[in-house]
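Data block for final29.csv (CSV, C-alpha atoms):
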chain,number,residue,atom,x,y,z
A,1,ALA,CA,-9.5,2.1,-2.0
A,2,SER,CA,-5.8,2.7,-1.3
A,3,LEU,CA,-3.5,0.1,0.1
A,4,VAL,CA,-0.5,1.3,1.8
A,5,HIS,CA,2.2,-1.3,1.7
A,6,THR,CA,5.8,-2.0,1.1
A,7,CYS,CA,8.0,-5.0,0.6
A,8,ASN,CA,11.6,-6.0,0.2
A,9,PHE,CA,12.4,-4.8,-3.3
A,10,SER,CA,14.7,-7.7,-4.1
A,11,ARG,CA,11.8,-10.1,-3.5
A,12,TYR,CA,9.0,-7.9,-4.7
A,13,GLY,CA,7.3,-10.6,-6.7
A,14,GLN,CA,7.0,-12.9,-3.7
A,15,SER,CA,5.7,-10.3,-1.3
A,16,PRO,CA,2.7,-11.3,0.8
A,17,ALA,CA,1.6,-7.6,0.6
A,18,LEU,CA,1.8,-7.8,-3.2
A,19,TYR,CA,-0.4,-10.9,-3.1
A,20,ILE,CA,-3.0,-9.2,-0.9
A,21,THR,CA,-3.0,-6.1,-3.0
A,22,ARG,CA,-3.5,-8.1,-6.2
A,23,LYS,CA,-6.3,-10.1,-4.5
A,24,ILE,CA,-8.2,-7.0,-3.3
A,25,ALA,CA,-7.7,-5.4,-6.7
A,26,SER,CA,-9.1,-8.4,-8.5
A,27,MET,CA,-12.2,-8.5,-6.2
A,28,HIS,CA,-12.9,-4.8,-5.9
A,29,LYS,CA,-14.8,-3.1,-8.7
A,30,GLY,CA,-13.4,0.4,-7.9
A,31,CYS,CA,-9.9,1.8,-8.2
A,32,VAL,CA,-7.3,0.2,-6.0
A,33,THR,CA,-4.0,2.0,-5.5
A,34,ALA,CA,-0.9,1.3,-3.5
A,35,VAL,CA,2.0,3.2,-1.9
A,36,GLU,CA,5.4,1.6,-2.2
A,37,PRO,CA,8.2,4.1,-1.2
A,38,ASN,CA,10.9,1.9,-2.7
A,39,ILE,CA,9.5,1.8,-6.3
A,40,ASN,CA,8.7,4.7,-8.6
A,41,SER,CA,6.6,2.9,-11.1
A,42,ILE,CA,5.0,-0.4,-11.7
A,43,GLU,CA,3.9,-2.1,-14.9
A,44,ASN,CA,1.5,-4.9,-15.8
A,45,GLU,CA,-0.4,-4.8,-12.5
A,46,ILE,CA,-4.2,-4.5,-11.8
A,47,PHE,CA,-3.5,-1.6,-9.4
A,48,SER,CA,-1.5,1.6,-9.7
A,49,LEU,CA,1.1,3.3,-7.4
A,50,ILE,CA,0.4,6.7,-5.9
A,51,SER,CA,2.3,8.9,-3.5
A,52,ILE,CA,1.9,8.8,0.2
A,53,GLU,CA,0.4,12.3,0.1
A,54,ASP,CA,-2.2,11.2,-2.5
A,55,ALA,CA,-3.1,8.2,-0.4
A,56,ILE,CA,-3.6,10.4,2.7
A,57,ASN,CA,-5.8,12.8,0.7
A,58,LYS,CA,-7.8,10.4,-1.5
A,59,ALA,CA,-8.2,7.0,0.2
A,60,ASN,CA,-11.6,5.9,1.4
A,61,ILE,CA,-10.0,2.9,3.0
A,62,ALA,CA,-6.3,2.5,3.8
A,63,VAL,CA,-4.8,-0.8,4.7
A,64,LEU,CA,-1.4,-0.9,6.3
A,65,LEU,CA,0.2,-4.2,5.4
A,66,VAL,CA,3.9,-3.8,6.3
A,67,ASN,CA,5.5,-1.8,9.2
A,68,HIS,CA,7.6,0.6,7.2
A,69,LYS,CA,9.2,3.7,8.7
A,70,GLU,CA,7.4,6.0,6.1
A,71,PHE,CA,4.1,4.7,7.2
A,72,GLN,CA,4.8,5.1,11.0
A,73,LYS,CA,5.0,8.9,10.4
A,74,ILE,CA,1.6,9.2,8.6
A,75,LYS,CA,-0.7,6.8,10.3
A,76,ASN,CA,-2.7,9.5,12.2
A,77,GLN,CA,-3.0,11.7,9.0
A,78,PHE,CA,-5.6,9.5,7.2
A,79,ASN,CA,-9.2,10.7,7.0
A,80,ALA,CA,-10.0,7.2,5.7
A,81,VAL,CA,-11.1,4.1,7.4
A,82,LEU,CA,-7.7,2.7,8.5
A,83,ILE,CA,-7.1,-1.0,8.7
A,84,ASP,CA,-3.7,-1.5,10.5
A,85,THR,CA,-2.8,-5.2,10.1
A,86,ILE,CA,0.6,-4.7,11.7
A,87,GLY,CA,0.3,-2.4,14.6
A,88,VAL,CA,2.1,0.7,13.3
A,89,GLU,CA,3.0,2.9,16.3

Once more with this new file: its structure as structure tokens, please.
Amino acid sequence: ASLVHTCNFSRYGQSPALYITRKIASMHKGCVTAVEPNINSIENEIFSLISIEDAINKANIAVLLVNHKEFQKIKNQFNAVLIDTIGVE
């Protein structure tokens, strides 16, 4: 599963999207990945970061958690089941 989300970098640790990603990763037995355009790497998490391109090509399920401009451009490119929680246009 790939989660596509973003958050305000200065408050990254308090992000609701981060909480949801951690929760899904802790409950899901498979690989959970996330896209965060404002961060290049992440340590000590139970999920890993991937590029937007990898998410488009590899995701079975994509969950849009935050309305970020990078995600508005790619919404229609997913071949995965897309769960849009925020109404990306």

Å distance separating atom CA of A:Val66 from atom CA of A:Ile20, one decimal place: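 It comes out at 11.3 Å.
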
Give me, please, the distance in Å between atom CA of A:Ser26 and atom CA of A:Ile46, quoted to one decimal. 7.1 Å

Have a look at A:Leu65, A:Val35, A:Leu49, A:Ile83 and name the one nearest to A:Tyr19; count all atoms listed in the file. A:Leu65

Among listed residues A:Leu18, A:Leu82, A:Ile39, A:Val32, nearest A:Val63 (using only C-alpha atoms):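 Comparing A:Leu18, A:Leu82, A:Ile39, A:Val32 against A:Val63, the winner is A:Leu82.
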
Suppose you want the space between atom CA of A:Lys29 and atom CA of A:Gln72; what is it in Å?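 Interatomic distance, atom CA of A:Lys29 to atom CA of A:Gln72: 29.0 Å.
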
Which is closest to A:Ala62 among A:Ile86, A:Ala34, A:Ser48, A:Asn40, if we use only C-alpha atoms?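 Using only C-alpha atoms, A:Ala62 sits closest to A:Ala34.
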
Considering all atoms listed in the file, can you say which of A:Asp54, A:Ile42, A:Lys75, A:Phe47 comes closest to A:Ile24?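 With all atoms listed in the file as the atom set, the closest residue is A:Phe47.
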
Using all atoms listed in the file, find the one residue out of A:Lys58, A:Lys73, A:Asn67, A:Thr33 that sits nearest to A:Glu45. A:Thr33

Just the residues within 10 Å of A:Gln77, please, counting only C-alpha atoms, with nothing from its chain fewer than 3 positions along; format it as a PyMOL selection string. chain A and resi 53+56-57+73-74+80

Since we have the selection now, will you write its residues out, keeping C-alpha atoms, as an mmCIF file, in the coordinates of the input?
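Contents of selection-v6.cif, freshly written:
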data_model
loop_
_atom_site.group_PDB
_atom_site.id
_atom_site.type_symbol
_atom_site.label_atom_id
_atom_site.label_comp_id
_atom_site.auth_asym_id
_atom_site.auth_seq_id
_atom_site.Cartn_x
_atom_site.Cartn_y
_atom_site.Cartn_z
ATOM 1 C CA GLU A 53 0.400 12.300 0.100
ATOM 2 C CA ILE A 56 -3.600 10.400 2.700
ATOM 3 C CA ASN A 57 -5.800 12.800 0.700
ATOM 4 C CA LYS A 73 5.000 8.900 10.400
ATOM 5 C CA ILE A 74 1.600 9.200 8.600
ATOM 6 C CA ALA A 80 -10.000 7.200 5.700
#

Have a look at A:Asn79, A:Leu64, A:Ile52, A:Asn38 and name the one nearest to A:Thr21; count all atoms listed in the file.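 Closest candidate: A:Leu64.
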